[in-house]
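Trainee: Sharing data_6.cif, mmCIF, N, CA and C atoms and all ligand atoms:
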data_final
loop_
_atom_site.label_atom_id
_atom_site.label_comp_id
_atom_site.auth_asym_id
_atom_site.auth_seq_id
_atom_site.Cartn_x
_atom_site.Cartn_y
_atom_site.Cartn_z
N MET T 144 4.16 8.29 -1.46
CA MET T 144 2.77 7.94 -1.71
C MET T 144 2.69 6.76 -2.66
N SER T 145 1.50 6.12 -2.66
CA SER T 145 1.34 4.98 -3.56
C SER T 145 1.49 5.43 -5.00
N ALA T 146 2.37 4.77 -5.73
CA ALA T 146 2.66 5.17 -7.11
C ALA T 146 1.42 5.08 -7.99
N CYS T 147 0.54 4.12 -7.72
CA CYS T 147 -0.65 3.98 -8.57
C CYS T 147 -1.55 5.21 -8.46
N LEU T 148 -1.51 5.91 -7.33
CA LEU T 148 -2.31 7.13 -7.17
C LEU T 148 -1.77 8.28 -8.02
N ALA T 149 -0.49 8.18 -8.37
CA ALA T 149 0.12 9.20 -9.23
C ALA T 149 -0.03 8.83 -10.70
N GLY T 150 -0.74 7.74 -10.98
CA GLY T 150 -0.99 7.36 -12.37
C GLY T 150 -0.01 6.36 -12.93
N ILE T 151 0.88 5.83 -12.09
CA ILE T 151 1.82 4.81 -12.56
C ILE T 151 1.08 3.47 -12.70
N ASN T 152 1.33 2.76 -13.77
CA ASN T 152 0.59 1.52 -14.05
C ASN T 152 1.21 0.32 -13.31
N CYS T 153 1.12 0.36 -11.98
CA CYS T 153 1.76 -0.69 -11.17
C CYS T 153 0.76 -1.59 -10.45
N LYS T 154 -0.53 -1.41 -10.71
CA LYS T 154 -1.51 -2.29 -10.07
C LYS T 154 -1.36 -3.72 -10.57
N TYR T 155 -1.94 -4.64 -9.86
CA TYR T 155 -1.74 -6.06 -10.21
C TYR T 155 -2.15 -6.36 -11.65
N HIS T 156 -3.15 -5.64 -12.16
CA HIS T 156 -3.58 -5.91 -13.53
C HIS T 156 -2.94 -4.98 -14.55
N GLY T 157 -2.02 -4.16 -14.09
CA GLY T 157 -1.30 -3.28 -15.01
C GLY T 157 -1.90 -1.90 -15.16
N GLY T 158 -2.91 -1.58 -14.37
CA GLY T 158 -3.53 -0.25 -14.44
C GLY T 158 -3.08 0.62 -13.29
N HIS T 159 -3.83 1.71 -13.06
CA HIS T 159 -3.47 2.67 -12.01
C HIS T 159 -4.73 3.15 -11.28
N ASN T 160 -4.55 4.00 -10.30
CA ASN T 160 -5.66 4.59 -9.53
C ASN T 160 -5.47 6.11 -9.50
N LEU T 161 -5.31 6.71 -10.67
CA LEU T 161 -4.93 8.12 -10.72
C LEU T 161 -5.83 9.03 -9.89
N ASP T 162 -5.17 9.84 -9.06
CA ASP T 162 -5.82 10.92 -8.32
C ASP T 162 -5.07 12.19 -8.74
N PRO T 163 -5.71 13.07 -9.51
CA PRO T 163 -5.00 14.22 -10.07
C PRO T 163 -4.30 15.09 -9.03
N GLU T 164 -4.92 15.28 -7.87
CA GLU T 164 -4.29 16.12 -6.84
C GLU T 164 -3.00 15.49 -6.34
N ILE T 165 -3.03 14.17 -6.19
CA ILE T 165 -1.85 13.46 -5.70
C ILE T 165 -0.76 13.45 -6.79
N ARG T 166 -1.17 13.27 -8.02
CA ARG T 166 -0.20 13.33 -9.12
C ARG T 166 0.49 14.70 -9.15
N ARG T 167 -0.28 15.75 -8.88
CA ARG T 167 0.30 17.10 -8.89
C ARG T 167 1.38 17.25 -7.81
N MET T 168 1.14 16.65 -6.65
CA MET T 168 2.14 16.72 -5.58
C MET T 168 3.46 16.12 -6.02
N VAL T 169 3.36 15.01 -6.76
CA VAL T 169 4.58 14.37 -7.27
C VAL T 169 5.22 15.27 -8.32
N ALA T 170 4.39 15.79 -9.23
CA ALA T 170 4.92 16.62 -10.32
C ALA T 170 5.62 17.87 -9.77
N GLU T 171 5.15 18.38 -8.63
CA GLU T 171 5.74 19.58 -8.04
C GLU T 171 6.93 19.26 -7.13
N GLY T 172 7.25 17.98 -7.04
CA GLY T 172 8.42 17.59 -6.26
C GLY T 172 8.19 17.51 -4.77
N ASN T 173 6.90 17.41 -4.36
CA ASN T 173 6.60 17.37 -2.94
C ASN T 173 6.34 15.96 -2.41
N ALA T 174 6.42 14.97 -3.28
CA ALA T 174 6.17 13.59 -2.84
C ALA T 174 6.90 12.63 -3.78
N ILE T 175 7.17 11.45 -3.23
CA ILE T 175 7.86 10.41 -4.00
C ILE T 175 6.88 9.26 -4.24
N PRO T 176 6.67 8.85 -5.50
CA PRO T 176 5.79 7.71 -5.76
C PRO T 176 6.52 6.39 -5.54
N VAL T 177 5.88 5.50 -4.81
CA VAL T 177 6.48 4.21 -4.47
C VAL T 177 5.43 3.12 -4.61
N CYS T 178 5.80 1.99 -5.21
CA CYS T 178 4.92 0.82 -5.21
C CYS T 178 5.60 -0.28 -4.40
N PRO T 179 5.14 -0.54 -3.19
CA PRO T 179 5.79 -1.56 -2.35
C PRO T 179 5.81 -2.94 -3.00
N GLU T 180 4.78 -3.27 -3.74
CA GLU T 180 4.74 -4.62 -4.31
C GLU T 180 5.80 -4.77 -5.40
N GLN T 181 6.02 -3.71 -6.17
CA GLN T 181 7.13 -3.73 -7.15
C GLN T 181 8.46 -3.83 -6.41
N LEU T 182 8.62 -3.04 -5.35
CA LEU T 182 9.87 -3.06 -4.60
C LEU T 182 10.12 -4.41 -3.94
N GLY T 183 9.04 -5.14 -3.71
CA GLY T 183 9.18 -6.48 -3.14
C GLY T 183 9.54 -7.52 -4.18
N GLY T 184 9.57 -7.11 -5.46
CA GLY T 184 9.99 -8.03 -6.52
C GLY T 184 8.85 -8.66 -7.30
N LEU T 185 7.63 -8.20 -7.08
CA LEU T 185 6.50 -8.79 -7.79
C LEU T 185 6.35 -8.18 -9.18
N ARG T 186 5.82 -8.98 -10.09
CA ARG T 186 5.71 -8.57 -11.49
C ARG T 186 4.44 -7.77 -11.74
N ILE T 187 4.42 -7.10 -12.88
CA ILE T 187 3.20 -6.49 -13.41
C ILE T 187 2.98 -7.11 -14.79
N PRO T 188 1.84 -7.71 -15.06
CA PRO T 188 0.76 -7.96 -14.11
C PRO T 188 1.11 -9.11 -13.17
N ARG T 189 0.34 -9.21 -12.11
CA ARG T 189 0.53 -10.28 -11.11
C ARG T 189 -0.85 -10.70 -10.61
N ALA T 190 -0.91 -11.84 -9.97
CA ALA T 190 -2.18 -12.29 -9.44
C ALA T 190 -2.58 -11.41 -8.25
N PRO T 191 -3.88 -11.10 -8.10
CA PRO T 191 -4.29 -10.34 -6.92
C PRO T 191 -3.99 -11.12 -5.64
N ALA T 192 -3.68 -10.39 -4.58
CA ALA T 192 -3.34 -11.04 -3.30
C ALA T 192 -4.15 -10.41 -2.17
N GLU T 193 -4.41 -11.20 -1.16
CA GLU T 193 -5.09 -10.72 0.04
C GLU T 193 -4.43 -11.35 1.27
N MET T 194 -4.63 -10.71 2.41
CA MET T 194 -4.05 -11.23 3.66
C MET T 194 -5.02 -12.24 4.28
N GLN T 195 -4.45 -13.27 4.85
CA GLN T 195 -5.27 -14.28 5.54
C GLN T 195 -4.70 -14.51 6.93
N GLY T 196 -5.58 -14.49 7.92
CA GLY T 196 -5.15 -14.73 9.30
C GLY T 196 -4.91 -13.45 10.08
N GLY T 197 -5.12 -12.31 9.46
CA GLY T 197 -4.91 -11.04 10.16
C GLY T 197 -4.51 -9.96 9.18
N ASP T 198 -4.30 -8.75 9.68
CA ASP T 198 -3.93 -7.65 8.79
C ASP T 198 -2.41 -7.46 8.77
N GLY T 199 -1.95 -6.32 8.27
CA GLY T 199 -0.53 -6.10 8.08
C GLY T 199 0.29 -6.21 9.36
N ARG T 200 -0.29 -5.80 10.48
CA ARG T 200 0.46 -5.93 11.75
C ARG T 200 0.72 -7.40 12.06
N GLU T 201 -0.27 -8.21 11.79
CA GLU T 201 -0.13 -9.65 12.05
C GLU T 201 0.84 -10.30 11.07
N VAL T 202 0.83 -9.82 9.82
CA VAL T 202 1.79 -10.34 8.84
C VAL T 202 3.21 -10.03 9.31
N LEU T 203 3.44 -8.79 9.74
CA LEU T 203 4.79 -8.40 10.20
C LEU T 203 5.22 -9.20 11.43
N ALA T 204 4.24 -9.60 12.23
CA ALA T 204 4.56 -10.38 13.44
C ALA T 204 4.67 -11.86 13.13
N GLY T 205 4.45 -12.24 11.87
CA GLY T 205 4.57 -13.65 11.50
C GLY T 205 3.36 -14.49 11.84
N ARG T 206 2.24 -13.81 12.14
CA ARG T 206 1.03 -14.55 12.53
C ARG T 206 -0.03 -14.60 11.42
N ALA T 207 0.23 -13.97 10.28
CA ALA T 207 -0.70 -14.01 9.15
C ALA T 207 0.14 -14.03 7.88
N ARG T 208 -0.51 -14.29 6.76
CA ARG T 208 0.26 -14.36 5.52
C ARG T 208 -0.50 -13.68 4.40
N VAL T 209 0.22 -13.45 3.30
CA VAL T 209 -0.39 -12.87 2.11
C VAL T 209 -0.35 -13.94 1.03
N VAL T 210 -1.52 -14.21 0.44
CA VAL T 210 -1.59 -15.24 -0.59
C VAL T 210 -2.28 -14.69 -1.83
N THR T 211 -1.90 -15.23 -2.98
CA THR T 211 -2.56 -14.81 -4.22
C THR T 211 -3.85 -15.60 -4.39
N LYS T 212 -4.64 -15.14 -5.35
CA LYS T 212 -5.89 -15.83 -5.65
C LYS T 212 -5.62 -17.26 -6.12
N ASP T 213 -4.41 -17.49 -6.64
CA ASP T 213 -4.02 -18.84 -7.08
C ASP T 213 -3.46 -19.69 -5.94
N GLY T 214 -3.36 -19.13 -4.75
CA GLY T 214 -2.88 -19.89 -3.61
C GLY T 214 -1.39 -19.79 -3.33
N GLU T 215 -0.69 -18.91 -4.06
CA GLU T 215 0.76 -18.79 -3.82
C GLU T 215 1.01 -17.87 -2.61
N ASP T 216 1.90 -18.30 -1.74
CA ASP T 216 2.25 -17.48 -0.57
C ASP T 216 3.27 -16.42 -0.99
N VAL T 217 2.87 -15.15 -0.94
CA VAL T 217 3.75 -14.06 -1.37
C VAL T 217 4.09 -13.15 -0.17
N THR T 218 3.99 -13.70 1.02
CA THR T 218 4.25 -12.92 2.23
C THR T 218 5.63 -12.28 2.20
N GLU T 219 6.63 -13.07 1.80
CA GLU T 219 8.01 -12.57 1.83
C GLU T 219 8.16 -11.33 0.94
N ALA T 220 7.56 -11.35 -0.25
CA ALA T 220 7.65 -10.21 -1.15
C ALA T 220 6.94 -8.99 -0.57
N PHE T 221 5.84 -9.18 0.09
CA PHE T 221 5.10 -8.06 0.68
C PHE T 221 5.89 -7.44 1.84
N VAL T 222 6.54 -8.28 2.64
CA VAL T 222 7.33 -7.76 3.75
C VAL T 222 8.58 -7.04 3.22
N LYS T 223 9.20 -7.62 2.20
CA LYS T 223 10.37 -6.97 1.59
C LYS T 223 9.97 -5.60 1.02
N GLY T 224 8.85 -5.55 0.33
CA GLY T 224 8.39 -4.28 -0.24
C GLY T 224 8.13 -3.24 0.84
N ALA T 225 7.57 -3.68 1.95
CA ALA T 225 7.32 -2.75 3.06
C ALA T 225 8.64 -2.22 3.61
N ARG T 226 9.62 -3.10 3.76
CA ARG T 226 10.91 -2.66 4.32
C ARG T 226 11.63 -1.71 3.37
N GLU T 227 11.55 -1.98 2.07
CA GLU T 227 12.18 -1.09 1.09
C GLU T 227 11.48 0.27 1.07
N THR T 228 10.17 0.26 1.22
CA THR T 228 9.43 1.52 1.26
C THR T 228 9.82 2.32 2.51
N LEU T 229 9.97 1.64 3.63
CA LEU T 229 10.42 2.33 4.84
C LEU T 229 11.82 2.91 4.64
N ALA T 230 12.69 2.14 3.99
CA ALA T 230 14.05 2.64 3.74
C ALA T 230 14.01 3.91 2.89
N LEU T 231 13.15 3.92 1.88
CA LEU T 231 13.02 5.11 1.03
C LEU T 231 12.46 6.29 1.82
N SER T 232 11.53 6.04 2.69
CA SER T 232 10.96 7.13 3.49
C SER T 232 12.01 7.71 4.42
N GLU T 233 12.87 6.84 4.95
CA GLU T 233 13.94 7.33 5.84
C GLU T 233 14.96 8.14 5.04
N LEU T 234 15.30 7.65 3.86
CA LEU T 234 16.27 8.33 3.01
C LEU T 234 15.79 9.72 2.62
N SER T 235 14.49 9.82 2.36
CA SER T 235 13.94 11.10 1.89
C SER T 235 13.50 12.00 3.02
N GLY T 236 13.46 11.48 4.25
CA GLY T 236 13.02 12.28 5.39
C GLY T 236 11.52 12.48 5.45
N ALA T 237 10.76 11.60 4.81
CA ALA T 237 9.30 11.74 4.80
C ALA T 237 8.73 11.51 6.20
N GLY T 238 7.76 12.32 6.56
CA GLY T 238 7.11 12.16 7.86
C GLY T 238 5.71 11.61 7.73
N GLU T 239 5.20 11.59 6.50
CA GLU T 239 3.86 11.05 6.30
C GLU T 239 3.77 10.37 4.94
N ALA T 240 2.74 9.55 4.81
CA ALA T 240 2.53 8.81 3.58
C ALA T 240 1.06 8.85 3.22
N ILE T 241 0.77 8.91 1.92
CA ILE T 241 -0.60 8.80 1.42
C ILE T 241 -0.65 7.53 0.59
N LEU T 242 -1.43 6.56 1.08
CA LEU T 242 -1.41 5.22 0.48
C LEU T 242 -2.82 4.80 0.05
N LYS T 243 -2.86 3.99 -0.99
CA LYS T 243 -4.14 3.57 -1.58
C LYS T 243 -4.94 2.69 -0.62
N GLU T 244 -6.14 3.15 -0.31
CA GLU T 244 -6.99 2.40 0.61
C GLU T 244 -7.36 1.02 0.06
N GLY T 245 -7.42 0.04 0.94
CA GLY T 245 -7.92 -1.29 0.58
C GLY T 245 -6.85 -2.28 0.16
N SER T 246 -5.68 -1.80 -0.24
CA SER T 246 -4.63 -2.69 -0.74
C SER T 246 -4.01 -3.49 0.41
N PRO T 247 -3.60 -4.75 0.13
CA PRO T 247 -2.92 -5.52 1.18
C PRO T 247 -1.54 -4.96 1.53
N SER T 248 -0.99 -4.08 0.71
CA SER T 248 0.23 -3.36 1.06
C SER T 248 -0.11 -1.99 1.64
N CYS T 249 -0.95 -1.26 0.91
CA CYS T 249 -1.11 0.18 1.16
C CYS T 249 -2.35 0.57 1.95
N GLY T 250 -3.30 -0.32 2.14
CA GLY T 250 -4.52 0.04 2.87
C GLY T 250 -4.19 0.58 4.25
N SER T 251 -4.87 1.66 4.65
CA SER T 251 -4.55 2.25 5.96
C SER T 251 -5.68 2.15 6.97
N SER T 252 -6.89 1.84 6.52
CA SER T 252 -7.97 1.63 7.50
C SER T 252 -8.87 0.45 7.14
N ARG T 253 -8.83 0.01 5.88
CA ARG T 253 -9.63 -1.16 5.48
C ARG T 253 -8.81 -2.04 4.53
N VAL T 254 -9.00 -3.32 4.64
CA VAL T 254 -8.33 -4.28 3.74
C VAL T 254 -9.33 -5.38 3.38
N TYR T 255 -9.07 -6.06 2.27
CA TYR T 255 -9.95 -7.17 1.89
C TYR T 255 -9.75 -8.34 2.86
N ASP T 256 -10.81 -9.14 2.98
CA ASP T 256 -10.85 -10.10 4.10
C ASP T 256 -10.18 -11.44 3.84
N GLY T 257 -9.55 -11.59 2.66
CA GLY T 257 -8.82 -12.84 2.42
C GLY T 257 -9.62 -13.89 1.69
N THR T 258 -10.89 -13.56 1.36
CA THR T 258 -11.74 -14.55 0.67
C THR T 258 -11.86 -14.27 -0.82
N PHE T 259 -11.28 -13.18 -1.29
CA PHE T 259 -11.36 -12.77 -2.71
C PHE T 259 -12.81 -12.61 -3.17
N SER T 260 -13.65 -12.19 -2.24
CA SER T 260 -15.07 -12.00 -2.56
C SER T 260 -15.42 -10.52 -2.69
N GLY T 261 -14.46 -9.66 -2.45
CA GLY T 261 -14.73 -8.22 -2.48
C GLY T 261 -15.10 -7.67 -1.11
N ALA T 262 -15.24 -8.55 -0.12
CA ALA T 262 -15.58 -8.10 1.23
C ALA T 262 -14.34 -7.53 1.93
N SER T 263 -14.53 -6.47 2.71
CA SER T 263 -13.40 -5.86 3.41
C SER T 263 -13.66 -5.77 4.90
N LEU T 264 -12.57 -5.54 5.64
CA LEU T 264 -12.60 -5.48 7.09
C LEU T 264 -11.78 -4.27 7.54
N PRO T 265 -12.00 -3.77 8.76
CA PRO T 265 -11.07 -2.77 9.29
C PRO T 265 -9.68 -3.39 9.41
N GLY T 266 -8.66 -2.63 9.08
CA GLY T 266 -7.29 -3.13 9.19
C GLY T 266 -6.37 -2.34 8.28
N GLU T 267 -5.10 -2.70 8.31
CA GLU T 267 -4.13 -1.98 7.47
C GLU T 267 -3.25 -2.98 6.73
N GLY T 268 -2.71 -2.52 5.61
CA GLY T 268 -1.83 -3.34 4.81
C GLY T 268 -0.44 -3.45 5.44
N VAL T 269 0.41 -4.27 4.83
CA VAL T 269 1.72 -4.56 5.41
C VAL T 269 2.61 -3.31 5.43
N THR T 270 2.64 -2.58 4.32
CA THR T 270 3.47 -1.37 4.29
C THR T 270 2.91 -0.29 5.21
N ALA T 271 1.62 -0.09 5.18
CA ALA T 271 1.02 0.92 6.07
C ALA T 271 1.36 0.61 7.52
N ALA T 272 1.27 -0.66 7.89
CA ALA T 272 1.56 -1.06 9.28
C ALA T 272 3.02 -0.78 9.63
N LEU T 273 3.93 -1.12 8.72
CA LEU T 273 5.35 -0.92 9.04
C LEU T 273 5.69 0.58 9.14
N LEU T 274 5.14 1.37 8.23
CA LEU T 274 5.41 2.81 8.29
C LEU T 274 4.87 3.40 9.60
N ARG T 275 3.69 2.98 9.99
CA ARG T 275 3.13 3.49 11.26
C ARG T 275 3.99 3.04 12.44
N GLN T 276 4.44 1.81 12.41
CA GLN T 276 5.29 1.34 13.52
C GLN T 276 6.56 2.18 13.61
N ALA T 277 7.01 2.71 12.46
CA ALA T 277 8.22 3.54 12.44
C ALA T 277 7.93 5.00 12.77
N GLY T 278 6.65 5.32 12.99
CA GLY T 278 6.32 6.68 13.42
C GLY T 278 5.79 7.61 12.34
N LEU T 279 5.64 7.12 11.11
CA LEU T 279 5.07 7.99 10.07
C LEU T 279 3.56 8.11 10.26
N ARG T 280 3.03 9.25 9.84
CA ARG T 280 1.58 9.41 9.79
C ARG T 280 1.13 8.89 8.42
N VAL T 281 0.15 7.98 8.45
CA VAL T 281 -0.28 7.34 7.20
C VAL T 281 -1.74 7.71 6.92
N TYR T 282 -1.97 8.21 5.72
CA TYR T 282 -3.30 8.59 5.26
C TYR T 282 -3.63 7.82 3.99
N SER T 283 -4.92 7.87 3.63
CA SER T 283 -5.33 7.30 2.34
C SER T 283 -5.67 8.45 1.39
N GLU T 284 -5.99 8.07 0.14
CA GLU T 284 -6.40 9.08 -0.83
C GLU T 284 -7.72 9.72 -0.42
N LYS T 285 -8.42 9.08 0.54
CA LYS T 285 -9.72 9.60 0.96
C LYS T 285 -9.63 10.58 2.12
N ASN T 286 -8.59 10.46 2.95
CA ASN T 286 -8.56 11.31 4.15
C ASN T 286 -7.28 12.15 4.27
N TRP T 287 -6.44 12.18 3.24
CA TRP T 287 -5.17 12.88 3.40
C TRP T 287 -5.32 14.38 3.62
N HIS T 288 -6.50 14.93 3.22
CA HIS T 288 -6.70 16.36 3.43
C HIS T 288 -6.63 16.71 4.92
N GLU T 289 -6.94 15.71 5.77
CA GLU T 289 -6.86 15.95 7.23
C GLU T 289 -5.44 16.36 7.63
N SER T 290 -4.45 15.86 6.88
CA SER T 290 -3.06 16.15 7.24
C SER T 290 -2.70 17.60 6.95
N GLN T 291 -3.53 18.27 6.17
CA GLN T 291 -3.24 19.66 5.80
C GLN T 291 -3.80 20.64 6.83
N ASN T 292 -4.64 20.14 7.77
CA ASN T 292 -5.28 21.03 8.75
C ASN T 292 -4.36 21.34 9.93
FE1 LIG R 301 -0.68 0.85 -5.65
FE2 LIG R 301 0.33 0.12 -3.31
FE3 LIG R 301 -0.79 -1.70 -4.88
FE4 LIG R 301 1.54 -0.65 -5.60
S1 LIG R 301 1.16 -1.89 -3.80
S2 LIG R 301 -0.24 -0.94 -6.92
S3 LIG R 301 1.31 1.43 -4.84
S4 LIG R 301 -1.83 0.04 -3.90
#
Let's see the structure in the file written out as structure tokens.
Mentor:
Amino acid sequence: MSACLAGINCKYHGGHNLDPEIRRMVAEGNAIPVCPEQLGGLRIPRAPAEMQGGDGREVLAGRARVVTKDGEDVTEAFVKGARETLALSELSGAGEAILKEGSPSCGSSRVYDGTFSGASLPGEGVTAALLRQAGLRVYSEKNWHESQN
């Protein structure tokens, strides 16, 4: 699951997105916290980034890119982080992931539109897309309860 949901301070500005229920799953040993952007080599804090030209599927296909608000192309780091997250999921035998909605790495149904205006579009982040392509079931902090039914 997204490490920021477990209260780890890995967000671009150095904060977190704590969800107590998700933190409990980690504390009980039922989930592994992962931050794809950290695994991709990005620093904390770092400039916010959004996808331009398409969502995570398009980034993985080489048809879109991830850029920071300052204009730096960080596509390579996002793809590396997605691949490392997939490797961890394979190592641990995970069949599903709970990822932070809206993130260019972790978003599973909505992502920001690339204009840094706060507007979002239907789509998925780079890590969510890669995990789904590998057959994992991917949920967000908003809909993961569906996986329990
Ligand atoms: Fe959280 Fe994912 Fe962003 Fe890391 S990449 S801070 S885990 S939403």
Trainee: Which value, in Å to one decimal, gives the distance between atom N of Met194 in chain T and CA of Ile151 in chain T?
Mentor: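 Pair atom N of Met194 in chain T / CA of Ile151 in chain T returns 22.5 Å.
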Trainee: Would you tabulate, counting only N, CA and C atoms and all ligand atoms, all residues of chain T that have an atom at most 6 Å from an atom of ligand LIG 301 (chain R), showing the closest pair of atoms and their distance in Å to one decimal, sorted by chain then ascending number, as JSON lines?
Mentor:
{"residue": "T:Met144", "atom": "C", "partner": "R:LIG301", "partner_atom": "S3", "distance": 5.9}
{"residue": "T:Ser145", "atom": "CA", "partner": "R:LIG301", "partner_atom": "S3", "distance": 3.8}
{"residue": "T:Ala146", "atom": "N", "partner": "R:LIG301", "partner_atom": "S3", "distance": 3.6}
{"residue": "T:Cys147", "atom": "N", "partner": "R:LIG301", "partner_atom": "S3", "distance": 4.0}
{"residue": "T:Leu148", "atom": "N", "partner": "R:LIG301", "partner_atom": "FE1", "distance": 5.4}
{"residue": "T:Cys153", "atom": "C", "partner": "R:LIG301", "partner_atom": "S2", "distance": 3.7}
{"residue": "T:Lys154", "atom": "CA", "partner": "R:LIG301", "partner_atom": "S2", "distance": 3.7}
{"residue": "T:Tyr155", "atom": "N", "partner": "R:LIG301", "partner_atom": "S2", "distance": 5.0}
{"residue": "T:Val177", "atom": "C", "partner": "R:LIG301", "partner_atom": "S3", "distance": 4.5}
{"residue": "T:Cys178", "atom": "CA", "partner": "R:LIG301", "partner_atom": "S3", "distance": 3.7}
{"residue": "T:Pro179", "atom": "N", "partner": "R:LIG301", "partner_atom": "S1", "distance": 4.2}
{"residue": "T:Glu180", "atom": "N", "partner": "R:LIG301", "partner_atom": "S1", "distance": 3.9}
{"residue": "T:Gln181", "atom": "N", "partner": "R:LIG301", "partner_atom": "FE4", "distance": 5.5}
{"residue": "T:Lys243", "atom": "CA", "partner": "R:LIG301", "partner_atom": "S4", "distance": 4.8}
{"residue": "T:Ser246", "atom": "CA", "partner": "R:LIG301", "partner_atom": "S4", "distance": 5.0}
{"residue": "T:Ser248", "atom": "CA", "partner": "R:LIG301", "partner_atom": "S1", "distance": 5.2}
{"residue": "T:Cys249", "atom": "N", "partner": "R:LIG301", "partner_atom": "FE2", "distance": 4.6}
Trainee: DSSP on the backbone, helix (DSSP H, G or I) only: what residues of range 150-221 of chain T does that give? Format it as a ChimeraX atom specification.
Mentor: /T:163-170,179-182,199-203,218-221
Trainee: Separation of CA of Asp198 in chain T and CA of Ser235 in chain T, in Å?
Mentor: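 If I compute the distance from CA of Asp198 in chain T to CA of Ser235 in chain T, I get 26.8 Å.
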Trainee: Taking into account all atoms listed in the file, which residue in the set T:Val210, T:Glu215, T:Lys285, T:Leu273 is nearest to Glu244 in chain T?
Mentor: T:Lys285
Trainee: How many Å lie between CA of Ala174 in chain T and CA of Gly245 in chain T, rounded to one decimal?
Mentor: 20.8 Å
Trainee: Can you list, as a list in words, every residue of chain T that DSSP puts in strand (DSSP E or B)?
Mentor: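 Listing strand (DSSP E or B) positions across chain T yields Ser145, Val177, Ala192, Glu193, Met194, Gln195, Arg208, Val209, Val210, Thr211, Asp216, Glu239, Ala240, Ile241, Leu242, Gly245, Arg253, Val254, Tyr255, Ser263, Leu264, Pro265, Arg280, Val281, Tyr282 and Ser283 of chain T.
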Trainee: If you count only C-alpha atoms, which residues fall within 9 Å of Pro163 in chain T, apart from same-chain ones fewer than 2 positions away, as a ChimeraX atom specification?
Mentor: /T:148-150,161,165-168
Trainee: Between T:Glu284, T:Ala271, T:Gly224, T:Leu264, which has the minimum distance to Leu185 in chain T (counting all atoms listed in the file)?
Mentor: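 Going through T:Glu284, T:Ala271, T:Gly224, T:Leu264 one by one, the smallest distance to Leu185 in chain T is for T:Gly224.
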Trainee: Give the padded box for range 188-204 of chain T as lines of an AutoDock Vina configuration file: axis-aligned, covering all atoms listed in the file, 8 Å on each side, centre and edge lengths in Å to one decimal.
Mentor:
center_x = -0.2
center_y = -10.3
center_z = -0.8
size_x = 26.8
size_y = 24.9
size_z = 44.5
Trainee: I'd like to know which of T:Ala272, T:Ile187, T:Ala192, T:Leu229 is closest to Val209 in chain T, using only N, CA and C atoms.
Mentor: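 Checking each candidate against Val209 in chain T, we get T:Ala192 as the closest.
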Trainee: Have a look at T:Lys223, T:His288, T:Arg280, T:His156 and name the one nearest to Glu239 in chain T; count all atoms listed in the file.
Mentor: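 Ranking T:Lys223, T:His288, T:Arg280, T:His156 by distance to Glu239 in chain T, first place goes to T:Arg280.
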Trainee: For Trp287 in chain T, which residue among T:Thr270, T:Ala225, T:Ala240, T:Gly214 is the nearest when counting all atoms listed in the file?
Mentor: T:Ala240
